[in-house]
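Engineer: Next up, target.txt (compact mmCIF, C-alpha atoms).
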# COMPACT_ATOMS: atom_id res chain seq x y z
CA MET X 6 36.26 -24.74 0.41
CA GLN X 7 33.91 -26.15 3.01
CA SER X 8 30.48 -27.10 1.70
CA PRO X 9 27.68 -24.78 2.81
CA SER X 10 25.28 -25.91 5.50
CA GLU X 11 21.77 -27.01 4.57
CA ALA X 12 20.46 -23.66 5.76
CA GLU X 13 22.93 -21.90 3.49
CA ILE X 14 21.90 -24.05 0.53
CA ILE X 15 18.28 -23.16 1.23
CA SER X 16 19.20 -19.50 1.42
CA LEU X 17 21.03 -19.74 -1.92
CA LEU X 18 17.97 -21.29 -3.53
CA GLU X 19 15.62 -18.73 -2.04
CA ASN X 20 17.76 -15.95 -3.41
CA VAL X 21 17.49 -17.03 -7.03
CA ARG X 22 14.72 -14.79 -8.40
CA PRO X 23 14.94 -14.81 -12.20
CA GLN X 24 12.78 -12.44 -14.21
CA PRO X 25 11.60 -13.18 -17.73
CA GLY X 26 12.86 -10.76 -20.35
CA ALA X 27 11.81 -9.28 -23.65
CA HIS X 28 12.00 -12.66 -25.38
CA LEU X 29 8.98 -13.99 -23.48
CA ARG X 30 7.01 -10.81 -24.09
CA THR X 31 7.70 -11.10 -27.81
CA ARG X 32 6.64 -14.74 -27.83
CA VAL X 33 3.45 -14.08 -25.94
CA ALA X 34 2.54 -10.97 -27.92
CA ASN X 35 1.75 -13.29 -30.83
CA ALA X 36 -0.10 -15.86 -28.77
CA ALA X 37 -3.66 -16.70 -29.73
CA TRP X 38 -5.25 -15.37 -26.57
CA ALA X 39 -3.25 -12.14 -26.72
CA ARG X 40 -4.37 -11.13 -30.21
CA SER X 41 -7.94 -12.25 -30.05
CA THR X 42 -9.48 -9.02 -28.86
CA PRO X 43 -8.88 -5.37 -29.67
CA GLU X 44 -7.89 -4.75 -26.09
CA GLN X 45 -5.39 -7.57 -26.12
CA ARG X 46 -4.03 -6.51 -29.50
CA ARG X 47 -3.48 -3.04 -28.11
CA LEU X 48 -1.74 -4.41 -25.04
CA SER X 49 0.44 -6.79 -26.98
CA ARG X 50 1.78 -4.22 -29.42
CA THR X 51 4.82 -3.61 -27.27
CA GLY X 52 6.35 -5.34 -24.34
CA GLY X 53 6.41 -2.03 -22.51
CA GLU X 54 2.66 -1.84 -22.52
CA VAL X 55 2.38 -5.33 -21.15
CA LEU X 56 4.83 -4.40 -18.46
CA ARG X 57 2.98 -1.24 -17.58
CA ARG X 58 -0.27 -3.13 -17.36
CA THR X 59 1.32 -5.72 -15.14
CA ALA X 60 2.71 -2.93 -13.01
CA PHE X 61 -0.76 -1.51 -12.67
CA VAL X 62 -2.32 -4.76 -11.66
CA THR X 63 0.41 -5.01 -9.06
CA LEU X 64 -0.32 -1.48 -8.02
CA ALA X 65 -3.96 -2.30 -7.58
CA VAL X 66 -3.06 -5.05 -5.15
CA ILE X 67 -0.29 -3.19 -3.41
CA GLY X 68 -2.31 0.01 -3.39
CA VAL X 69 -4.46 -1.31 -0.62
CA LEU X 70 -1.32 -1.72 1.41
CA ILE X 71 0.05 1.66 0.55
CA LEU X 72 -3.06 3.23 1.94
CA PHE X 73 -2.70 1.44 5.20
CA PHE X 74 0.97 2.01 5.60
CA ALA X 75 1.58 5.47 4.26
CA ILE X 76 -1.59 7.31 3.56
CA PRO X 77 -0.70 10.93 2.89
CA PRO X 78 -2.13 13.67 5.11
CA PHE X 79 -5.87 13.64 4.74
CA ASN X 80 -7.47 17.07 4.59
CA GLY X 81 -11.02 15.95 5.20
CA VAL X 82 -12.65 15.45 8.54
CA ALA X 83 -11.28 12.53 10.48
CA ARG X 84 -12.23 11.50 13.97
CA ARG X 85 -9.98 9.53 16.24
CA VAL X 86 -11.95 6.53 17.38
CA ALA X 87 -9.27 4.43 18.98
CA ASP X 88 -5.59 4.43 19.80
CA PHE X 89 -4.51 3.45 16.33
CA PHE X 90 -7.29 4.49 13.93
CA TYR X 91 -9.09 7.55 12.62
CA HIS X 92 -12.55 7.35 11.11
CA THR X 93 -12.82 9.45 7.97
CA ASP X 94 -16.12 11.22 7.41
CA GLN X 95 -16.54 9.91 3.87
CA ASN X 96 -16.23 6.59 2.13
CA THR X 97 -14.13 8.15 -0.61
CA ILE X 98 -10.87 10.00 -0.08
CA PRO X 99 -8.27 11.40 -2.48
CA ILE X 100 -4.87 9.80 -2.47
CA ALA X 101 -1.62 10.31 -4.32
CA VAL X 102 0.09 7.12 -5.33
CA GLN X 103 3.74 7.74 -6.01
CA SER X 104 5.30 4.34 -5.96
CA PRO X 105 3.92 1.10 -7.38
CA SER X 106 5.58 -1.20 -4.90
CA ARG X 107 8.18 -1.59 -2.22
CA GLU X 108 11.07 -3.97 -2.63
CA PHE X 109 11.84 -6.37 0.16
CA LEU X 110 15.51 -6.99 -0.42
CA LEU X 111 16.84 -7.12 3.12
CA THR X 112 17.25 -9.99 5.50
CA THR X 113 15.78 -9.40 8.94
CA ALA X 114 19.30 -9.01 10.34
CA GLU X 115 20.10 -6.33 7.78
CA ALA X 116 16.83 -4.54 8.44
CA ALA X 117 17.54 -4.65 12.17
CA THR X 118 20.97 -3.16 11.55
CA GLN X 119 19.49 -0.33 9.52
CA ALA X 120 16.72 0.28 12.02
CA GLY X 121 19.00 0.05 15.04
CA TYR X 122 16.62 -2.08 17.08
CA ALA X 123 15.74 -5.76 17.50
CA ILE X 124 12.98 -7.06 15.26
CA GLN X 125 10.17 -9.22 16.49
CA GLN X 126 9.33 -12.04 14.08
CA PRO X 127 6.42 -14.47 14.06
CA ASP X 128 6.96 -18.13 14.78
CA TRP X 129 3.67 -18.90 13.11
CA VAL X 130 2.04 -17.61 9.92
CA PRO X 131 -0.98 -19.02 8.04
CA GLU X 132 -0.33 -21.84 5.63
CA GLY X 133 0.91 -20.93 2.18
CA PHE X 134 3.19 -18.05 3.13
CA LEU X 135 6.95 -17.94 2.90
CA PHE X 136 9.14 -15.12 4.15
CA ASN X 137 9.96 -12.95 1.15
CA GLY X 138 12.20 -10.30 2.64
CA ALA X 139 12.38 -7.23 4.80
CA ALA X 140 12.47 -3.52 4.09
CA TYR X 141 13.34 -0.49 6.15
CA ASP X 142 11.27 2.67 5.88
CA ALA X 143 13.54 5.45 7.11
CA ASP X 144 10.70 7.99 7.25
CA ARG X 145 8.76 5.97 9.76
CA GLN X 146 11.82 4.18 11.16
CA ALA X 147 9.76 1.10 10.44
CA VAL X 148 10.84 -2.40 9.54
CA LEU X 149 8.46 -4.23 7.24
CA LEU X 150 8.42 -7.99 6.84
CA ASP X 151 6.80 -9.41 3.74
CA PHE X 152 5.49 -12.95 3.40
CA HIS X 153 4.88 -14.18 -0.10
CA SER X 154 2.09 -16.31 -1.47
CA PRO X 155 1.80 -17.30 -5.13
CA ILE X 156 -1.97 -16.79 -4.95
CA PRO X 157 -2.90 -13.40 -6.41
CA GLY X 158 -4.30 -11.01 -3.86
CA LYS X 159 -3.04 -13.05 -0.91
CA PHE X 160 -0.43 -11.35 1.22
CA LEU X 161 0.84 -10.96 4.74
CA ARG X 162 2.84 -7.98 5.90
CA LEU X 163 4.13 -7.11 9.33
CA SER X 164 5.45 -3.79 10.48
CA GLN X 165 7.27 -2.59 13.57
CA ASN X 166 8.32 0.93 14.41
CA PRO X 167 9.22 2.87 17.53
CA THR X 168 6.36 4.89 18.96
CA ALA X 169 7.28 8.52 19.27
CA GLU X 170 5.81 10.69 21.97
CA ASN X 171 3.84 12.55 19.34
CA ARG X 172 2.59 9.60 17.34
CA LEU X 173 1.85 10.36 13.69
CA ASP X 174 1.29 6.83 12.63
CA ILE X 175 -2.48 6.49 12.84
CA SER X 176 -4.35 4.81 10.03
CA ASN X 177 -7.44 6.20 8.40
CA ILE X 178 -10.35 3.83 8.07
CA GLY X 179 -13.78 4.24 6.54
CA PRO X 180 -16.53 6.00 8.48
CA GLY X 181 -18.46 2.81 9.12
CA ALA X 182 -15.49 0.57 9.90
CA ASP X 183 -15.75 -1.31 13.14
CA VAL X 184 -12.73 -1.20 15.44
CA LYS X 185 -12.61 -4.22 17.69
CA THR X 186 -10.42 -4.30 20.80
CA VAL X 187 -8.64 -7.61 21.23
CA THR X 188 -6.38 -9.05 23.91
CA ILE X 189 -2.94 -10.30 22.93
CA HIS X 190 -0.72 -12.51 25.09
CA PRO X 191 2.81 -12.17 23.71
CA PRO X 192 5.44 -14.78 24.66
CA THR X 193 6.80 -12.27 27.22
CA GLY X 194 3.86 -13.15 29.48
CA GLU X 195 2.30 -9.68 29.48
CA THR X 196 -1.21 -8.86 28.32
CA VAL X 197 -1.63 -6.21 25.65
CA SER X 198 -4.65 -4.58 24.08
CA GLY X 199 -4.73 -4.40 20.31
CA GLU X 200 -7.16 -3.02 17.77
CA TYR X 201 -8.55 -4.96 14.87
CA VAL X 202 -10.22 -3.70 11.69
CA ALA X 203 -11.52 -5.58 8.65
CA GLY X 204 -11.79 -3.85 5.29
CA ALA X 205 -9.54 -1.80 3.05
CA TRP X 206 -9.28 1.23 0.82
CA ARG X 207 -9.60 0.30 -2.83
CA ILE X 208 -8.44 2.25 -5.87
CA PRO X 209 -10.98 1.64 -8.64
CA SER X 210 -9.47 4.31 -10.84
CA VAL X 211 -6.45 2.07 -11.40
CA PHE X 212 -8.65 -0.17 -13.45
CA ASP X 213 -10.28 2.81 -15.14
CA HIS X 214 -6.84 3.90 -16.29
CA LEU X 215 -6.25 0.43 -17.65
CA GLN X 216 -9.44 0.55 -19.62
CA THR X 217 -8.56 3.88 -21.17
CA GLY X 218 -5.01 2.79 -21.82
CA GLN X 219 -3.60 5.89 -20.21
CA PRO X 220 -2.02 4.68 -17.03
CA ASP X 221 -0.32 7.32 -14.94
CA ILE X 222 1.05 5.95 -11.75
CA THR X 223 1.71 9.38 -10.33
CA ALA X 224 -1.88 10.46 -10.80
CA THR X 225 -4.02 11.54 -7.90
CA MET X 226 -6.65 8.93 -7.41
CA GLN X 227 -9.59 8.27 -5.25
CA ALA X 228 -9.86 5.41 -2.85
CA ASN X 229 -13.08 3.89 -1.59
CA TRP X 230 -13.43 2.14 1.72
CA ASP X 231 -14.54 -1.44 1.08
CA PRO X 232 -15.78 -3.13 4.26
CA GLU X 233 -16.18 -6.40 2.35
CA ALA X 234 -12.54 -6.60 1.23
CA LYS X 235 -10.90 -9.79 2.43
CA ILE X 236 -8.24 -7.78 4.20
CA HIS X 237 -7.85 -7.25 7.90
CA MET X 238 -5.41 -5.53 10.16
CA LEU X 239 -4.25 -5.70 13.75
CA ARG X 240 -2.30 -2.98 15.54
CA TRP X 241 -0.92 -2.95 19.05
CA GLU X 242 1.77 -1.29 21.07
CA THR X 243 4.19 -2.78 23.49
CA GLY X 244 7.72 -2.12 24.70
CA GLY X 245 7.91 1.24 22.94
CA PHE X 246 7.01 -0.17 19.52
CA LEU X 247 3.92 -0.07 17.38
CA TYR X 248 3.23 -3.38 15.63
CA GLU X 249 0.96 -3.95 12.69
CA ILE X 250 -0.16 -7.05 10.84
CA ILE X 251 -2.03 -6.87 7.54
CA HIS X 252 -3.33 -10.07 6.03
CA ALA X 253 -5.34 -10.58 2.86
CA ASP X 254 -6.74 -13.77 1.46
CA PRO X 255 -9.41 -13.56 -1.24
CA ASN X 256 -10.19 -17.24 -0.76
CA LEU X 257 -11.18 -16.95 2.89
CA ASP X 258 -14.89 -17.27 3.57
CA SER X 259 -14.62 -14.92 6.51
CA LEU X 260 -11.97 -12.95 8.34
CA SER X 261 -11.24 -13.42 12.00
CA ALA X 262 -9.30 -11.41 14.56
CA GLU X 263 -8.18 -14.69 16.12
CA LEU X 264 -5.97 -15.46 13.15
CA LEU X 265 -4.08 -12.18 13.44
CA VAL X 266 -3.89 -12.49 17.23
CA LYS X 267 -2.36 -15.94 16.76
CA ILE X 268 0.37 -14.43 14.57
CA ALA X 269 0.89 -11.60 17.06
CA GLU X 270 1.18 -14.01 19.99
CA SER X 271 3.88 -15.98 18.18
CA MET X 272 6.09 -12.93 17.70
CA LYS X 273 9.36 -12.91 19.55
CA MET T 30 -5.43 -23.86 -0.18
CA PHE T 31 -2.80 -23.98 -2.84
CA PRO T 32 -2.17 -25.71 -5.09
CA ARG T 33 -4.77 -28.35 -5.69
CA TRP T 34 -5.85 -30.39 -8.60
CA GLN T 35 -9.60 -30.18 -8.67
CA LYS T 36 -12.07 -32.64 -10.02
CA PRO T 37 -14.26 -31.32 -12.82
CA SER T 38 -16.88 -29.77 -10.59
CA SER T 39 -17.19 -26.26 -11.91
CA LYS T 40 -17.40 -24.60 -15.29
CA PRO T 41 -14.18 -23.84 -17.13
CA SER T 42 -12.89 -20.44 -16.09
CA TYR T 43 -10.38 -19.66 -18.82
CA GLU T 44 -12.38 -20.04 -22.01
CA THR T 45 -12.14 -16.43 -23.09
CA PRO T 46 -8.98 -14.64 -24.25
CA GLN T 47 -9.51 -12.02 -21.55
CA ALA T 48 -9.76 -14.55 -18.74
CA PHE T 49 -6.80 -16.51 -20.03
CA SER T 50 -4.75 -13.36 -20.46
CA GLN T 51 -5.42 -12.48 -16.83
CA LEU T 52 -4.29 -15.94 -15.81
CA TYR T 53 -1.11 -15.40 -17.81
CA GLU T 54 -0.41 -12.10 -16.12
CA ARG T 55 -0.91 -13.54 -12.68
CA ALA T 56 0.92 -16.82 -13.19
CA HIS T 57 3.63 -16.30 -15.81
CA LEU T 58 6.33 -15.25 -13.35
CA LEU T 59 5.70 -18.31 -11.22
CA VAL T 60 5.68 -20.61 -14.26
CA PHE T 61 8.85 -19.01 -15.60
CA ARG T 62 10.68 -19.41 -12.28
CA PHE T 63 9.52 -23.01 -12.04
CA ILE T 64 10.87 -23.76 -15.52
CA TYR T 65 14.06 -21.78 -14.87
CA GLY T 66 14.68 -23.97 -11.83
CA LEU T 67 13.95 -27.24 -13.60
CA HIS T 68 15.52 -26.54 -16.95
CA ASN T 69 19.24 -26.85 -17.49
CA GLY T 70 19.67 -24.32 -20.22
CA PRO T 71 19.82 -20.64 -21.08
CA SER T 72 17.05 -18.43 -19.73
CA GLU T 73 15.82 -17.72 -23.28
CA GLU T 74 14.93 -21.41 -23.48
CA ALA T 75 13.08 -21.09 -20.17
CA GLU T 76 11.16 -18.19 -21.72
CA ASP T 77 10.36 -20.29 -24.80
CA LEU T 78 9.12 -23.10 -22.58
CA THR T 79 7.04 -20.67 -20.54
CA ALA T 80 5.38 -19.35 -23.70
CA GLU T 81 4.85 -22.92 -24.92
CA THR T 82 3.28 -23.87 -21.56
CA PHE T 83 0.66 -21.17 -21.91
CA THR T 84 0.07 -22.01 -25.57
CA ARG T 85 -0.60 -25.65 -24.69
CA ALA T 86 -2.83 -24.61 -21.81
CA TRP T 87 -4.77 -22.30 -24.13
CA ASN T 88 -5.20 -25.09 -26.66
CA ALA T 89 -6.43 -27.43 -23.93
CA ARG T 90 -8.53 -24.87 -22.05
CA HIS T 91 -11.82 -26.57 -22.93
CA ASN T 92 -10.70 -29.58 -20.92
CA PHE T 93 -9.75 -27.62 -17.82
CA PHE T 94 -12.15 -27.22 -14.92
CA GLY T 95 -11.27 -25.43 -11.73
CA ASN T 96 -10.34 -22.26 -9.96
CA GLU T 97 -7.16 -20.23 -10.24
CA SER T 98 -5.23 -22.32 -7.73
CA ALA T 99 -6.05 -25.41 -9.73
CA ALA T 100 -5.11 -23.57 -12.92
CA VAL T 101 -1.64 -22.84 -11.53
CA GLY T 102 -1.21 -26.52 -10.65
CA TRP T 103 -2.35 -27.42 -14.15
CA LEU T 104 0.14 -24.99 -15.73
CA LEU T 105 3.01 -26.34 -13.67
CA LYS T 106 2.20 -29.89 -14.71
CA ILE T 107 2.25 -28.84 -18.35
CA ALA T 108 5.51 -26.99 -17.74
CA ARG T 109 7.12 -29.96 -16.02
CA ASN T 110 6.19 -32.30 -18.88
CA LEU T 111 7.57 -29.84 -21.40
CA VAL T 112 10.87 -29.57 -19.55
CA ILE T 113 11.19 -33.34 -19.23
CA ASP T 114 10.39 -33.83 -22.92
CA THR T 115 12.98 -31.21 -23.82
CA HIS T 116 15.61 -32.92 -21.69
CA ARG T 117 14.82 -36.28 -23.25
CA ARG T 118 15.11 -34.85 -26.73
CA LYS T 119 18.41 -33.19 -25.97
CA GLN T 120 19.65 -36.03 -23.74
CA VAL T 121 21.62 -33.54 -21.73
CA ARG T 122 24.15 -35.03 -19.36
CA PRO T 123 25.06 -33.24 -16.13
CA GLN T 124 28.52 -32.37 -17.37
CA GLU T 125 26.97 -30.60 -20.35
CA ILE T 126 24.85 -28.24 -18.32
CA SER T 127 25.11 -24.67 -19.43
CA LEU T 128 24.36 -22.21 -16.67
CA PRO T 129 21.85 -19.51 -17.55
CA ALA T 130 23.84 -16.50 -18.66
CA ASP T 131 21.83 -14.29 -16.34
CA LEU T 132 22.12 -16.51 -13.27
CA ASP T 133 24.24 -13.92 -11.49
CA GLU T 134 21.63 -11.23 -12.16
CA SER T 135 18.91 -13.51 -10.85
CA ILE T 136 20.46 -13.70 -7.44
CA LEU T 137 18.75 -11.41 -5.00
CA ALA T 138 21.15 -8.68 -3.94
CA THR T 139 21.90 -8.51 -0.26
CA PRO T 140 22.53 -4.90 0.72
CA GLY T 141 25.14 -4.40 3.38
CA VAL T 142 27.01 -7.60 2.53
CA SER T 143 30.63 -7.18 1.51
CA PRO T 144 31.56 -7.58 -2.18
CA GLU T 145 33.68 -10.61 -1.21
CA THR T 146 30.70 -12.32 0.42
CA GLN T 147 28.48 -11.46 -2.54
CA ALA T 148 31.06 -12.97 -4.89
CA LEU T 149 31.24 -16.09 -2.74
CA ARG T 150 27.45 -16.46 -2.78
CA ARG T 151 27.39 -16.08 -6.56
CA GLU T 152 30.03 -18.76 -6.89
CA GLN T 153 28.15 -21.03 -4.48
CA THR T 154 24.94 -20.48 -6.45
CA ARG T 155 26.70 -21.52 -9.67
CA THR T 156 27.98 -24.66 -7.96
CA LEU T 157 24.54 -25.36 -6.54
CA TRP T 158 22.99 -24.92 -9.98
CA GLN T 159 25.33 -27.53 -11.42
CA LEU T 160 24.54 -29.92 -8.58
CA LEU T 161 20.78 -29.43 -8.91
CA HIS T 162 20.95 -31.01 -12.30
CA THR T 163 22.54 -34.16 -10.96
CA LEU T 164 19.26 -34.80 -9.10
CA SER T 165 16.23 -36.60 -10.46
CA ASP T 166 13.47 -34.51 -12.04
CA GLN T 167 11.20 -35.01 -9.06
CA GLN T 168 13.87 -34.18 -6.49
CA ARG T 169 14.68 -31.00 -8.35
CA GLU T 170 11.02 -30.13 -8.66
CA MET T 171 10.52 -30.48 -4.92
CA LEU T 172 13.39 -28.10 -4.20
CA VAL T 173 12.19 -25.59 -6.77
CA LEU T 174 8.63 -25.65 -5.46
CA ARG T 175 9.75 -25.46 -1.84
CA TYR T 176 12.46 -22.84 -2.02
CA MET T 177 12.19 -20.94 -5.30
CA LEU T 178 8.40 -20.72 -5.32
CA GLY T 179 7.93 -20.84 -1.55
CA TRP T 180 5.34 -23.59 -1.38
CA GLN T 181 4.66 -25.41 1.86
CA VAL T 182 5.48 -29.12 2.12
CA GLN T 183 1.80 -29.97 2.40
CA GLU T 184 1.04 -28.10 -0.83
CA ILE T 185 3.86 -29.84 -2.65
CA GLY T 186 2.54 -33.19 -1.48
CA ARG T 187 -0.91 -32.40 -2.82
CA HIS T 188 0.50 -31.15 -6.11
CA LEU T 189 2.74 -34.17 -6.65
CA ASN T 190 0.19 -36.53 -5.15
CA ILE T 191 2.60 -37.96 -2.62
CA PRO T 192 2.40 -37.97 1.19
CA GLU T 193 3.58 -34.87 3.02
CA ASN T 194 6.05 -36.91 5.08
CA THR T 195 7.61 -38.29 1.93
CA VAL T 196 8.09 -34.79 0.58
CA SER T 197 9.68 -33.70 3.85
CA GLN T 198 12.01 -36.68 3.99
CA ASN T 199 12.97 -36.34 0.34
CA ILE T 200 13.80 -32.67 0.69
CA ARG T 201 15.97 -33.35 3.75
CA ARG T 202 17.69 -36.20 1.94
CA VAL T 203 18.28 -34.13 -1.17
CA LEU T 204 19.75 -31.25 0.82
CA ALA T 205 22.10 -33.68 2.54
CA ARG T 206 23.05 -35.14 -0.84
CA LEU T 207 23.82 -31.71 -2.23
CA ARG T 208 26.16 -31.13 0.70
CA GLU T 209 27.85 -34.48 0.14
CA ARG T 210 28.35 -33.76 -3.54
CA TRP T 211 29.61 -30.25 -2.97
CA PRO T 212 33.09 -30.06 -4.51
CA GLU T 213 35.86 -29.38 -2.03
CA GLU T 214 37.44 -26.78 -4.28
CA SER T 215 34.62 -24.86 -5.88
CA LEU T 216 36.45 -21.59 -5.99
Rewrite the structure of this file - the entire thing - as structure tokens.

Structural biologist:
Amino acid sequence: MQSPSEAEIISLLENVRPQPGAHLRTRVANAAWARSTPEQRRLSRTGGEVLRRTAFVTLAVIGVLILFFAIPPFNGVARRVADFFYHTDQNTIPIAVQSPSREFLLTTAEAATQAGYAIQQPDWVPEGFLFNGAAYDADRQAVLLDFHSPIPGKFLRLSQNPTAENRLDISNIGPGADVKTVTIHPPTGETVSGEYVAGAWRIPSVFDHLQTGQPDITATMQANWDPEAKIHMLRWETGGFLYEIIHADPNLDSLSAELLVKIAESMK
Amino acid sequence: MFPRWQKPSSKPSYETPQAFSQLYERAHLLVFRFIYGLHNGPSEEAEDLTAETFTRAWNARHNFFGNESAAVGWLLKIARNLVIDTHRRKQVRPQEISLPADLDESILATPGVSPETQALRREQTRTLWQLLHTLSDQQREMLVLRYMLGWQVQEIGRHLNIPENTVSQNIRRVLARLRERWPEESL
């Protein structure tokens, strides 16, 4: 058999994603730091509880994304302030979180096949990210590209979906959120207007559930708009597609639209 | 920036069980995958080494200064030393490598790919795993950091304290070597 190319070897390595099992949970349940406090003793009683807690921490991070991508119909007053965003009338809105995370198991080629259209991908992303995988959201006909960083709370996610005549895909943002119009120069040579927002919806009740030890990931929760969150988002439309970039980096001193525009302008 | 080994400039962050437990929850998957990639043994041993890494870090927490990025770098250095010590103790030779029993399950599924192609990729991954352990510890570590953990070359250079260009060249060289060593009949 012919040896694989270097790219194939890299792909093989990137596809090895081992998960620790019950053995590690058992070992760690007896660790000094895990049995030093009542809370930790409670959490370390069973591996399942540790897993559920981990799932909730993940949910807390991903939850911000869920709200951007798939916020359920909002019954309160919302005012359309731009092409891609609604302002809600309150800083707190109810949400129903049904899924803790989305799995990015597809290659871009597979996602494109499922979606039935060509996917635009960035040539440039900020340092520290590696392409993790793609997913296809059949409801929105959207392809999502996920870039992984080992730093907690740091993520980069891109989305592309066809714009229907009656667009439903408008994100809710907090009442005081500032929508900034930016100019994007894609490699095609055209000039496109995009909209940029900094901030995110947070789900504090996730942590409340953790404290009470009664996590329920299907519970209806409340989300608060946090204008200080180190998360920002860019949306624009071109060629019959809506594009979206969400980037979070808790270590950044400040967020800038230029960074997201740079990613957008590298997409081809 | 990530990772970086910081000088003692700030107060220790992981003194309390709660803080250390949070570090564990955030970093244990990364540490486990790092060990899984470096270690040439069953995944239960990788889990033991992961637990031991955090135990040693906990015992040495008073000597650690830095933020979470630095803490991850610190954990990986402990993990690497543990793996190397384990290999020295066992004096494992490449031909004695036992593939992790769950290697097949660790391979990311590729929906839409034919069963034949999936089987081929599994077989190639097994071959690659054997070949990885013919490399030096540092060569293997570079590949694991770059492709299993997704670190950038610059970050690897900082972590290993070697120039970025050297990391780049080494990775290219190692990939070429893996191709050269690939058995003609691996199926």

Engineer: Leaving out region 115-117 of chain T and any residue of its chain fewer than 5 positions from it, which residues lie within 9 Å of it when counting all atoms listed in the file, given as a VMD selection string?

Structural biologist: chain T and resid 68 to 69 110

Engineer: Find the residue from X:Val184, X:Leu110, X:Leu150, X:Leu161 that sits nearest to chain T; use all atoms listed in the file when measuring.

Structural biologist: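 Looking only at the distances to chain T, the closest residue turns out to be X:Leu110.
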
Engineer: Tell me the residues of chain X close to chain T, meaning within 9 Å using all atoms listed in the file, as a PyMOL selection string.

Structural biologist: chain X and resi 6-11+14-26+28-30+32-33+36-42+44-45+55+59+62+110-112+115+132-137+153-157+256

Engineer: If I take CA of Arg169 (chain T) and CA of Glu108 (chain X), how far is one from the other in Å, to one decimal?

Structural biologist: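 Result for CA of Arg169 (chain T) versus CA of Glu108 (chain X): 27.9 Å, one decimal.
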
Engineer: Interatomic distance between CA of Thr193 (chain X) and CA of Leu149 (chain X)?

Structural biologist: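 Separation between CA of Thr193 (chain X) and CA of Leu149 (chain X): 21.6 Å.
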
Engineer: If we count all atoms listed in the file and set the cut-off at 8 Å, which residues sit around Leu265 (chain X), ignoring sequence neighbours fewer than 3 positions away in its own chain? Please answer as a ChimeraX atom specification.

Structural biologist: /X:238-239,250,252,261-262,268-269

Engineer: If I take CA of Phe109 (chain X) and CA of Val60 (chain T), how far is one from the other in Å, to one decimal?

Structural biologist: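 Taking CA of Phe109 (chain X) as the start and CA of Val60 (chain T) as the end point, the length is 21.2 Å.
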
Engineer: Report as a PDB file with C-alpha atoms, keeping the file's coordinate frame all protein, DNA and RNA residues lying within 10 Å of Trp241 (chain X), evaluated on all atoms listed in the file, omitting residues in the same chain fewer than 6 positions from it.

Structural biologist:
ATOM      1  CA  ASP X  88      -5.590   4.430  19.800  1.00  0.00           C
ATOM      2  CA  PHE X  89      -4.510   3.450  16.330  1.00  0.00           C
ATOM      3  CA  GLN X 165       7.270  -2.590  13.570  1.00  0.00           C
ATOM      4  CA  THR X 186     -10.420  -4.300  20.800  1.00  0.00           C
ATOM      5  CA  VAL X 187      -8.640  -7.610  21.230  1.00  0.00           C
ATOM      6  CA  THR X 188      -6.380  -9.050  23.910  1.00  0.00           C
ATOM      7  CA  ILE X 189      -2.940 -10.300  22.930  1.00  0.00           C
ATOM      8  CA  VAL X 197      -1.630  -6.210  25.650  1.00  0.00           C
ATOM      9  CA  SER X 198      -4.650  -4.580  24.080  1.00  0.00           C
ATOM     10  CA  GLY X 199      -4.730  -4.400  20.310  1.00  0.00           C
ATOM     11  CA  GLU X 200      -7.160  -3.020  17.770  1.00  0.00           C
ATOM     12  CA  TYR X 201      -8.550  -4.960  14.870  1.00  0.00           C
ATOM     13  CA  LEU X 247       3.920  -0.070  17.380  1.00  0.00           C
ATOM     14  CA  TYR X 248       3.230  -3.380  15.630  1.00  0.00           C
ATOM     15  CA  GLU X 249       0.960  -3.950  12.690  1.00  0.00           C
ATOM     16  CA  ILE X 250      -0.160  -7.050  10.840  1.00  0.00           C
ATOM     17  CA  ALA X 269       0.890 -11.600  17.060  1.00  0.00           C
TER      18      ALA X 269
END

Engineer: Step by step: start from the point (-11.1, -15.5, -2.5) in the file's coordinates, keep every protein, DNA or RNA residue that has an atom no farther than 9 Å from it, count all atoms listed in the file, and write the set as a PDB file with C-alpha atoms, in the frame of the given file.

Structural biologist:
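Output file out15.pdb is given in full below:
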ATOM      1  CA  GLY X 158      -4.300 -11.010  -3.860  1.00  0.00           C
ATOM      2  CA  LYS X 159      -3.040 -13.050  -0.910  1.00  0.00           C
ATOM      3  CA  LYS X 235     -10.900  -9.790   2.430  1.00  0.00           C
ATOM      4  CA  ASP X 254      -6.740 -13.770   1.460  1.00  0.00           C
ATOM      5  CA  PRO X 255      -9.410 -13.560  -1.240  1.00  0.00           C
ATOM      6  CA  ASN X 256     -10.190 -17.240  -0.760  1.00  0.00           C
ATOM      7  CA  LEU X 257     -11.180 -16.950   2.890  1.00  0.00           C
ATOM      8  CA  ASP X 258     -14.890 -17.270   3.570  1.00  0.00           C
TER       9      ASP X 258
END

Engineer: Which residue, T:Thr82, T:Gln147, T:Gln159, T:Asn92, has the smallest gap to Leu104 (chain T) when you use all atoms listed in the file?

Structural biologist: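 Under the stated criterion, the closest residue is T:Thr82.
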
Engineer: My list of candidates is X:Asn166, X:Asp144, X:Gly244, X:Pro191. Which is closest to Asp128 (chain X) when distances are computed with all atoms listed in the file?

Structural biologist: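 Smallest separation from Asp128 (chain X) among the options: X:Pro191.
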
Engineer: Would you please work out which residue, of T:Ile107, T:Pro144, T:Gly70, T:Tyr43, is nearest to His91 (chain T) when using all atoms listed in the file?

Structural biologist: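 The shortest atom-to-atom distance to His91 (chain T) comes from T:Tyr43.
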